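K.L.:
I am sharing protein_18.cif, which consists of mmCIF, C-alpha atoms; chains and numbers go by the auth columns:
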data_start
#
loop_
_atom_site.group_PDB
_atom_site.id
_atom_site.type_symbol
_atom_site.label_atom_id
_atom_site.label_comp_id
_atom_site.label_asym_id
_atom_site.label_seq_id
_atom_site.Cartn_x
_atom_site.Cartn_y
_atom_site.Cartn_z
_atom_site.B_iso_or_equiv
_atom_site.auth_seq_id
_atom_site.auth_asym_id
ATOM 1 C CA MET A 1 0.000 0.000 0.000 0.00 257 A
ATOM 2 C CA SER A 2 1.089 3.534 -0.741 0.00 258 A
ATOM 3 C CA GLU A 3 0.663 6.559 1.494 0.00 259 A
ATOM 4 C CA GLY A 4 -2.928 7.723 1.384 0.00 260 A
ATOM 5 C CA LEU A 5 -6.348 6.339 2.160 0.00 261 A
ATOM 6 C CA VAL A 6 -7.251 2.638 2.185 0.00 262 A
ATOM 7 C CA VAL A 7 -10.937 1.895 1.648 0.00 263 A
ATOM 8 C CA VAL A 8 -12.391 -1.491 2.618 0.00 264 A
ATOM 9 C CA LYS A 9 -15.866 -2.616 1.591 0.00 265 A
ATOM 10 C CA ALA A 10 -17.057 -5.697 3.483 0.00 266 A
ATOM 11 C CA ILE A 11 -20.169 -7.859 3.572 0.00 267 A
ATOM 12 C CA HIS A 12 -20.932 -10.649 6.039 0.00 268 A
ATOM 13 C CA SER A 13 -24.359 -12.252 5.913 0.00 269 A
ATOM 14 C CA ARG A 14 -24.536 -14.412 9.028 0.00 270 A
ATOM 15 C CA GLU A 15 -25.461 -13.595 12.609 0.00 271 A
ATOM 16 C CA GLU A 16 -22.162 -14.908 13.987 0.00 272 A
ATOM 17 C CA GLY A 17 -19.165 -12.658 14.679 0.00 273 A
ATOM 18 C CA PHE A 18 -17.198 -10.912 11.946 0.00 274 A
ATOM 19 C CA ARG A 19 -13.716 -9.461 12.445 0.00 275 A
ATOM 20 C CA LEU A 20 -11.410 -7.852 9.888 0.00 276 A
ATOM 21 C CA SER A 21 -7.880 -6.571 10.529 0.00 277 A
ATOM 22 C CA ILE A 22 -5.077 -5.295 8.284 0.00 278 A
ATOM 23 C CA PHE A 23 -1.465 -6.023 9.280 0.00 279 A
ATOM 24 C CA GLY A 24 1.695 -4.377 7.975 0.00 280 A
ATOM 25 C CA GLN A 25 4.662 -6.584 7.123 0.00 281 A
ATOM 26 C CA SER A 26 6.900 -5.119 9.809 0.00 282 A
ATOM 27 C CA VAL A 27 4.702 -2.827 11.941 0.00 283 A
ATOM 28 C CA GLY A 28 1.181 -1.602 12.221 0.00 284 A
ATOM 29 C CA GLU A 29 -2.209 -3.175 12.663 0.00 285 A
ATOM 30 C CA VAL A 30 -5.660 -1.737 12.241 0.00 286 A
ATOM 31 C CA GLN A 31 -8.729 -3.638 13.354 0.00 287 A
ATOM 32 C CA LEU A 32 -11.365 -2.228 11.033 0.00 288 A
ATOM 33 C CA ILE A 33 -14.385 -4.351 11.892 0.00 289 A
ATOM 34 C CA ASP A 34 -15.346 -6.309 15.000 0.00 290 A
ATOM 35 C CA THR A 35 -19.048 -7.009 15.144 0.00 291 A
ATOM 36 C CA VAL A 36 -21.622 -9.647 15.935 0.00 292 A
ATOM 37 C CA GLY A 37 -24.228 -10.229 13.266 0.00 293 A
ATOM 38 C CA ALA A 38 -24.585 -9.351 9.634 0.00 294 A
ATOM 39 C CA TYR A 39 -22.409 -6.496 8.337 0.00 295 A
ATOM 40 C CA ALA A 40 -22.394 -4.441 5.145 0.00 296 A
ATOM 41 C CA GLY A 41 -20.385 -1.253 5.035 0.00 297 A
ATOM 42 C CA VAL A 42 -17.333 0.719 4.027 0.00 298 A
ATOM 43 C CA ARG A 43 -14.459 1.617 6.358 0.00 299 A
ATOM 44 C CA GLY A 44 -11.347 3.666 5.748 0.00 300 A
ATOM 45 C CA THR A 45 -7.969 4.114 7.381 0.00 301 A
ATOM 46 C CA SER A 46 -4.818 6.120 6.711 0.00 302 A
ATOM 47 C CA VAL A 47 -1.474 4.832 5.474 0.00 303 A
ATOM 48 C CA SER A 48 1.420 7.157 6.285 0.00 304 A
ATOM 49 C CA LEU A 49 5.046 7.125 7.390 0.00 305 A
ATOM 50 C CA ARG A 50 3.903 9.661 10.019 0.00 306 A
ATOM 51 C CA ASN A 51 1.494 7.197 11.669 0.00 307 A
ATOM 52 C CA ARG A 52 2.563 6.228 15.170 0.00 308 A
ATOM 53 C CA THR A 53 -0.115 3.570 15.230 0.00 309 A
ATOM 54 C CA GLY A 54 -1.907 2.076 12.288 0.00 310 A
ATOM 55 C CA LEU A 55 -0.626 1.425 8.813 0.00 311 A
ATOM 56 C CA VAL A 56 2.600 2.475 7.141 0.00 312 A
ATOM 57 C CA PRO A 57 3.409 2.056 3.415 0.00 313 A
ATOM 58 C CA GLY A 58 4.466 -1.390 2.224 0.00 314 A
ATOM 59 C CA PRO A 59 3.038 -4.910 1.959 0.00 315 A
ATOM 60 C CA HIS A 60 0.038 -5.806 4.115 0.00 316 A
ATOM 61 C CA ARG A 61 -2.112 -8.819 4.816 0.00 317 A
ATOM 62 C CA LEU A 62 -5.731 -9.225 5.846 0.00 318 A
ATOM 63 C CA LEU A 63 -7.026 -11.346 8.677 0.00 319 A
ATOM 64 C CA VAL A 64 -10.708 -12.220 8.386 0.00 320 A
ATOM 65 C CA GLU A 65 -12.460 -14.153 11.128 0.00 321 A
ATOM 66 C CA ALA A 66 -16.008 -15.139 10.203 0.00 322 A
ATOM 67 C CA ARG A 67 -18.465 -17.953 10.179 0.00 323 A
ATOM 68 C CA GLY A 68 -20.358 -18.088 6.968 0.00 324 A
ATOM 69 C CA PRO A 69 -19.906 -16.283 3.659 0.00 325 A
ATOM 70 C CA TRP A 70 -18.139 -12.937 3.436 0.00 326 A
ATOM 71 C CA THR A 71 -16.765 -10.580 0.796 0.00 327 A
ATOM 72 C CA VAL A 72 -13.990 -8.013 1.224 0.00 328 A
ATOM 73 C CA ASN A 73 -12.718 -5.500 -1.356 0.00 329 A
ATOM 74 C CA VAL A 74 -9.663 -3.384 -0.527 0.00 330 A
ATOM 75 C CA GLY A 75 -8.501 -0.427 -2.592 0.00 331 A
ATOM 76 C CA GLN A 76 -6.769 2.912 -2.541 0.00 332 A
ATOM 77 C CA GLU A 77 -8.107 6.072 -4.089 0.00 333 A
ATOM 78 C CA PHE A 78 -6.531 9.457 -4.683 0.00 334 A
ATOM 79 C CA PRO A 79 -7.967 12.787 -5.880 0.00 335 A
ATOM 80 C CA ALA A 80 -7.837 12.842 -9.673 0.00 336 A
ATOM 81 C CA ASN A 81 -6.415 16.362 -9.890 0.00 337 A
ATOM 82 C CA GLU A 82 -6.182 19.657 -8.049 0.00 338 A
ATOM 83 C CA ASN A 83 -9.781 20.511 -8.984 0.00 339 A
ATOM 84 C CA ALA A 84 -11.293 17.252 -7.737 0.00 340 A
ATOM 85 C CA GLY A 85 -13.553 17.131 -4.733 0.00 341 A
ATOM 86 C CA SER A 86 -16.428 19.151 -3.432 0.00 342 A
ATOM 87 C CA ALA A 87 -16.328 22.504 -1.738 0.00 343 A
ATOM 88 C CA PRO A 88 -16.225 22.410 2.054 0.00 344 A
ATOM 89 C CA LEU A 89 -20.017 22.723 2.166 0.00 345 A
ATOM 90 C CA LEU A 90 -21.169 19.121 2.650 0.00 346 A
ATOM 91 C CA ASN A 91 -24.608 17.896 3.665 0.00 347 A
ATOM 92 C CA LEU A 92 -25.021 14.147 4.186 0.00 348 A
ATOM 93 C CA GLU A 93 -28.552 13.350 5.348 0.00 349 A
ATOM 94 C CA GLU A 94 -30.425 10.123 5.991 0.00 350 A
ATOM 95 C CA GLN A 95 -27.328 7.950 5.820 0.00 351 A
ATOM 96 C CA MET A 96 -27.027 4.595 7.566 0.00 352 A
ATOM 97 C CA GLY A 97 -24.080 2.465 8.642 0.00 353 A
ATOM 98 C CA ASP A 98 -20.362 2.796 7.946 0.00 354 A
ATOM 99 C CA ASP A 99 -19.292 4.863 4.961 0.00 355 A
ATOM 100 C CA VAL A 100 -16.376 6.765 3.423 0.00 356 A
ATOM 101 C CA ARG A 101 -17.124 9.957 1.447 0.00 357 A
ATOM 102 C CA ARG A 102 -14.358 11.206 -0.834 0.00 358 A
ATOM 103 C CA TRP A 103 -13.048 13.941 -1.661 0.00 359 A
ATOM 104 C CA VAL A 104 -13.811 17.091 0.301 0.00 360 A
ATOM 105 C CA ARG A 105 -11.449 20.009 -0.227 0.00 361 A
ATOM 106 C CA PHE A 106 -10.672 21.941 2.964 0.00 362 A
ATOM 107 C CA PRO A 107 -8.910 25.266 2.291 0.00 363 A
ATOM 108 C CA GLU A 108 -7.706 27.348 5.243 0.00 364 A
ATOM 109 C CA GLY A 109 -10.512 28.496 7.510 0.00 365 A
ATOM 110 C CA GLU A 110 -12.911 27.439 10.224 0.00 366 A
ATOM 111 C CA TYR A 111 -15.693 24.951 9.673 0.00 367 A
ATOM 112 C CA LEU A 112 -18.707 24.013 11.729 0.00 368 A
ATOM 113 C CA ILE A 113 -19.426 20.294 11.701 0.00 369 A
ATOM 114 C CA ARG A 114 -22.870 19.277 12.908 0.00 370 A
ATOM 115 C CA SER A 115 -23.663 15.603 13.335 0.00 371 A
ATOM 116 C CA ARG A 116 -26.433 13.352 14.522 0.00 372 A
ATOM 117 C CA HIS A 117 -26.613 9.594 15.202 0.00 373 A
ATOM 118 C CA SER A 118 -29.589 7.442 16.206 0.00 374 A
ATOM 119 C CA GLY A 119 -27.793 4.110 16.750 0.00 375 A
ATOM 120 C CA ILE A 120 -26.751 2.402 19.971 0.00 376 A
ATOM 121 C CA GLY A 121 -23.092 1.660 19.134 0.00 377 A
ATOM 122 C CA ARG A 122 -20.054 3.769 18.309 0.00 378 A
ATOM 123 C CA PHE A 123 -20.447 6.878 16.165 0.00 379 A
ATOM 124 C CA ALA A 124 -17.154 8.251 14.846 0.00 380 A
ATOM 125 C CA VAL A 125 -16.444 10.885 12.208 0.00 381 A
ATOM 126 C CA ALA A 126 -12.858 11.420 11.026 0.00 382 A
ATOM 127 C CA PRO A 127 -11.498 13.350 8.056 0.00 383 A
ATOM 128 C CA ILE A 128 -8.403 11.624 6.618 0.00 384 A
ATOM 129 C CA ASN A 129 -6.029 13.548 4.334 0.00 385 A
ATOM 130 C CA ALA A 130 -5.521 12.139 0.816 0.00 386 A
ATOM 131 C CA ASP A 131 -1.795 11.783 1.583 0.00 387 A
ATOM 132 C CA GLY A 132 -2.592 9.619 4.621 0.00 388 A
ATOM 133 C CA GLY A 133 -1.327 12.269 7.021 0.00 389 A
ATOM 134 C CA ASP A 134 -3.666 14.469 9.012 0.00 390 A
ATOM 135 C CA GLU A 135 -6.485 12.674 10.755 0.00 391 A
ATOM 136 C CA VAL A 136 -8.614 13.896 13.630 0.00 392 A
ATOM 137 C CA LEU A 137 -11.663 12.425 15.339 0.00 393 A
ATOM 138 C CA VAL A 138 -14.318 15.089 14.974 0.00 394 A
ATOM 139 C CA VAL A 139 -16.865 12.900 16.774 0.00 395 A
ATOM 140 C CA ASP A 140 -16.276 9.822 18.931 0.00 396 A
ATOM 141 C CA GLN A 141 -19.438 8.962 20.865 0.00 397 A
ATOM 142 C CA THR A 142 -21.488 5.924 21.786 0.00 398 A
ATOM 143 C CA GLY A 143 -25.233 5.758 21.286 0.00 399 A
ATOM 144 C CA VAL A 144 -27.648 8.493 20.354 0.00 400 A
ATOM 145 C CA PHE A 145 -25.797 11.743 19.703 0.00 401 A
ATOM 146 C CA GLU A 146 -26.420 15.232 18.371 0.00 402 A
ATOM 147 C CA GLY A 147 -23.752 17.903 18.515 0.00 403 A
ATOM 148 C CA GLU A 148 -21.400 20.252 16.745 0.00 404 A
ATOM 149 C CA ARG A 149 -17.706 21.054 16.660 0.00 405 A
ATOM 150 C CA PHE A 150 -15.530 23.713 15.100 0.00 406 A
ATOM 151 C CA LEU A 151 -12.651 22.471 12.972 0.00 407 A
ATOM 152 C CA THR A 152 -9.721 24.755 12.156 0.00 408 A
ATOM 153 C CA VAL A 153 -7.779 24.227 8.925 0.00 409 A
ATOM 154 C CA GLY A 154 -4.503 26.106 8.789 0.00 410 A
ATOM 155 C CA PRO A 155 -0.886 25.984 7.694 0.00 411 A
ATOM 156 C CA GLY A 156 0.546 23.976 10.569 0.00 412 A
ATOM 157 C CA SER A 157 -0.190 26.392 13.392 0.00 413 A
ATOM 158 C CA SER A 158 -0.656 25.002 16.863 0.00 414 A
ATOM 159 C CA LYS A 159 -4.330 25.976 16.721 0.00 415 A
ATOM 160 C CA ALA A 160 -5.056 24.068 13.498 0.00 416 A
ATOM 161 C CA ASP A 161 -6.746 20.668 13.583 0.00 417 A
ATOM 162 C CA LEU A 162 -5.904 19.924 9.925 0.00 418 A
ATOM 163 C CA SER A 163 -3.713 21.188 7.093 0.00 419 A
ATOM 164 C CA PRO A 164 -5.388 22.446 3.904 0.00 420 A
ATOM 165 C CA GLY A 165 -6.031 19.717 1.336 0.00 421 A
ATOM 166 C CA PHE A 166 -8.294 16.924 0.151 0.00 422 A
ATOM 167 C CA TYR A 167 -9.941 14.708 2.756 0.00 423 A
ATOM 168 C CA ALA A 168 -12.111 11.629 2.867 0.00 424 A
ATOM 169 C CA LEU A 169 -14.780 11.744 5.544 0.00 425 A
ATOM 170 C CA VAL A 170 -14.814 8.367 7.326 0.00 426 A
ATOM 171 C CA VAL A 171 -17.990 7.631 9.298 0.00 427 A
ATOM 172 C CA GLN A 172 -18.499 4.668 11.613 0.00 428 A
ATOM 173 C CA ALA A 173 -22.116 4.213 12.700 0.00 429 A
ATOM 174 C CA ASP A 174 -24.550 1.427 13.470 0.00 430 A
ATOM 175 C CA GLY A 175 -27.664 3.504 12.863 0.00 431 A
ATOM 176 C CA ASP A 176 -28.983 6.458 10.907 0.00 432 A
ATOM 177 C CA TRP A 177 -26.732 9.503 10.805 0.00 433 A
ATOM 178 C CA GLU A 178 -26.244 12.970 9.349 0.00 434 A
ATOM 179 C CA VAL A 179 -23.119 15.090 8.948 0.00 435 A
ATOM 180 C CA ASN A 180 -23.163 18.721 7.799 0.00 436 A
ATOM 181 C CA VAL A 181 -19.972 20.717 7.161 0.00 437 A
ATOM 182 C CA GLN A 182 -20.250 24.500 6.738 0.00 438 A
ATOM 183 C CA PRO A 183 -17.585 27.221 6.429 0.00 439 A
#
Translate the structure of the given file into structure tokens.

P.N.:
Amino acid sequence: MSEGLVVVKAIHSREEGFRLSIFGQSVGEVQLIDTVGAYAGVRGTSVSLRNRTGLVPGPHRLLVEARGPWTVNVGQEFPANENAGSAPLLNLEEQMGDDVRRWVRFPEGEYLIRSRHSGIGRFAVAPINADGGDEVLVVDQTGVFEGERFLTVGPGSSKADLSPGFYALVVQADGDWEVNVQP
């Protein structure tokens, strides 16, 4: 794998447990999925030499633990060019389950991120830079949640959460959710 974003689409159709992990050849492990019951969703994780935990560039292997049939597709995507991606205004409504939305361009500035979740499990929202670098948990809650957070995008200042660039928005949810990003 190269530096950037790894996207994993997985389907498991039985009610037994389903676990999926990615291991680096020398270091790094990311457990992407650990659930009981049927699963269908998309997860994402960063690959970067700057990662202290997680994946670094190089060969990797998958470990899938499941009873019953399953399907896993792993790929990497990159913005096509400097004009790819949507403006920072993003409105994702009536979504359900895990998903990865690509590519949102975040120029310097402040952004209000409003989110809502109606599930009972973990709800996490994390923008991941296209180069695999910057990543921040905007939301990390369990159960029903509604809230907002300001996100600062700047040129490496101590106040900035992210650097300007293209990001994938990685959402982990077990229920209905919404995410709205506004400058």

K.L.:
Contacts of A:Asp432 at 8 Å or less, counting only C-alpha atoms, minus same-chain residues fewer than 6 places along, as a list in words?

P.N.:
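The residues that qualify are Glu350, Gln351, Met352, Gly353, His373, Ser374 and Gly375 of chain A.
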
K.L.:
Between A:Ala386, A:Leu407, A:Leu276, A:Met257, which is the closest to A:Ala424 once you count all atoms listed in the file?

P.N.:
A:Ala386

K.L.:
As a check of understanding, name the residues that the PyMOL selection byres ((chain A and resi 300) around 12) selects in the supplied structure, as number ranges by chain.

P.N.:
A: 260-266, 277-278, 286-289, 297-299, 301-303, 310-311, 329-333, 354-358, 380-386, 388, 391, 423-428

K.L.:
Hey, which of A:Gly410, A:Pro335, A:Gly365, A:Gly377 ends up closest to A:Phe422? Count all atoms listed in the file.

P.N.:
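Looking at the shortest contact to A:Phe422, the residue is A:Pro335.
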
K.L.:
Please compute the atom CA of A:Thr408-atom CA of A:Leu346 distance, one decimal, in Å.

P.N.:
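Separating atom CA of A:Thr408 from atom CA of A:Leu346 is a distance of 15.9 Å.
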
K.L.:
Go through the shown structure with the PyMOL selection byres ((chain A and resi 400) around 12) and write out the matching residues as a compact mmCIF listing (two decimals) with C-alpha atoms, keeping the file's coordinate frame.

P.N.:
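Result file follows (result03.txt):
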# COMPACT_ATOMS: atom_id res chain seq x y z
CA SER A 371 -23.66 15.60 13.34
CA ARG A 372 -26.43 13.35 14.52
CA HIS A 373 -26.61 9.59 15.20
CA SER A 374 -29.59 7.44 16.21
CA GLY A 375 -27.79 4.11 16.75
CA ILE A 376 -26.75 2.40 19.97
CA GLY A 377 -23.09 1.66 19.13
CA ARG A 378 -20.05 3.77 18.31
CA PHE A 379 -20.45 6.88 16.16
CA ALA A 380 -17.15 8.25 14.85
CA ASP A 396 -16.28 9.82 18.93
CA GLN A 397 -19.44 8.96 20.86
CA THR A 398 -21.49 5.92 21.79
CA GLY A 399 -25.23 5.76 21.29
CA PHE A 401 -25.80 11.74 19.70
CA GLU A 402 -26.42 15.23 18.37
CA GLY A 403 -23.75 17.90 18.52
CA ALA A 429 -22.12 4.21 12.70
CA ASP A 430 -24.55 1.43 13.47
CA GLY A 431 -27.66 3.50 12.86
CA ASP A 432 -28.98 6.46 10.91
CA TRP A 433 -26.73 9.50 10.80
CA GLU A 434 -26.24 12.97 9.35

K.L.:
Check the smallest atom-to-atom distance from each of A:Gly280, A:Gly389, A:Pro439, A:Gly293 to A:Trp326 using all atoms listed in the file, then report the winner.

P.N.:
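For A:Trp326, the nearest of the given residues is A:Gly293.
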
K.L.:
At what distance in Å, to one decimal, does atom CA of A:Pro420 lie from atom CA of A:Val360?

P.N.:
10.6 Å

K.L.:
For the structure provided, state which residues fall under the PyMOL selection byres ((chain A and resi 270) around 7), and present them as a list in words.

P.N.:
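The output of the PyMOL selection byres ((chain A and resi 270) around 7) on this file is His268, Ser269, Glu271, Glu272, Gly293, Ala294 and Gly324 of chain A.
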
K.L.:
Which is closest to A:Ala322 among A:Ile267, A:Leu418, A:Ile369, A:Val437, if we use only C-alpha atoms?

P.N.:
A:Ile267

K.L.:
Restricting the calculation to all atoms listed in the file, which member of A:Gln281, A:Leu393, A:Arg317, A:Leu368 is positioned closest to A:Phe406?

P.N.:
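Going through A:Gln281, A:Leu393, A:Arg317, A:Leu368 one by one, the smallest distance to A:Phe406 is for A:Leu368.
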
K.L.:
Let me make sure I understand: among A:Arg306, A:Val292, A:Asn347, A:Glu285, which one has the smallest atom-to-atom distance to A:Leu318 if we use all atoms listed in the file?

P.N.:
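For A:Leu318, the nearest of the given residues is A:Glu285.
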
K.L.:
Please compute the atom CA of A:Leu348-atom CA of A:Arg370 distance, one decimal, in Å.

P.N.:
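The value is 10.3 Å.
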
K.L.:
Take every atom of stretch 377-392 of chain A listed in the file, pad by 5 Å on each side, and give me the axis-aligned box centre and edge lengths in Å, one decimal, as AutoDock Vina command-line options.

P.N.:
--center_x -12.2 --center_y 8.1 --center_z 10.0 --size_x 31.8 --size_y 22.8 --size_z 28.3

K.L.:
List the spatial neighbours of A:Asp290 as JSON, numbers by chain - criterion: any atom at most 8 Å away, only C-alpha atoms, same-chain residues fewer than 5 positions off excluded.

P.N.:
{"A": [273, 274, 275, 276]}
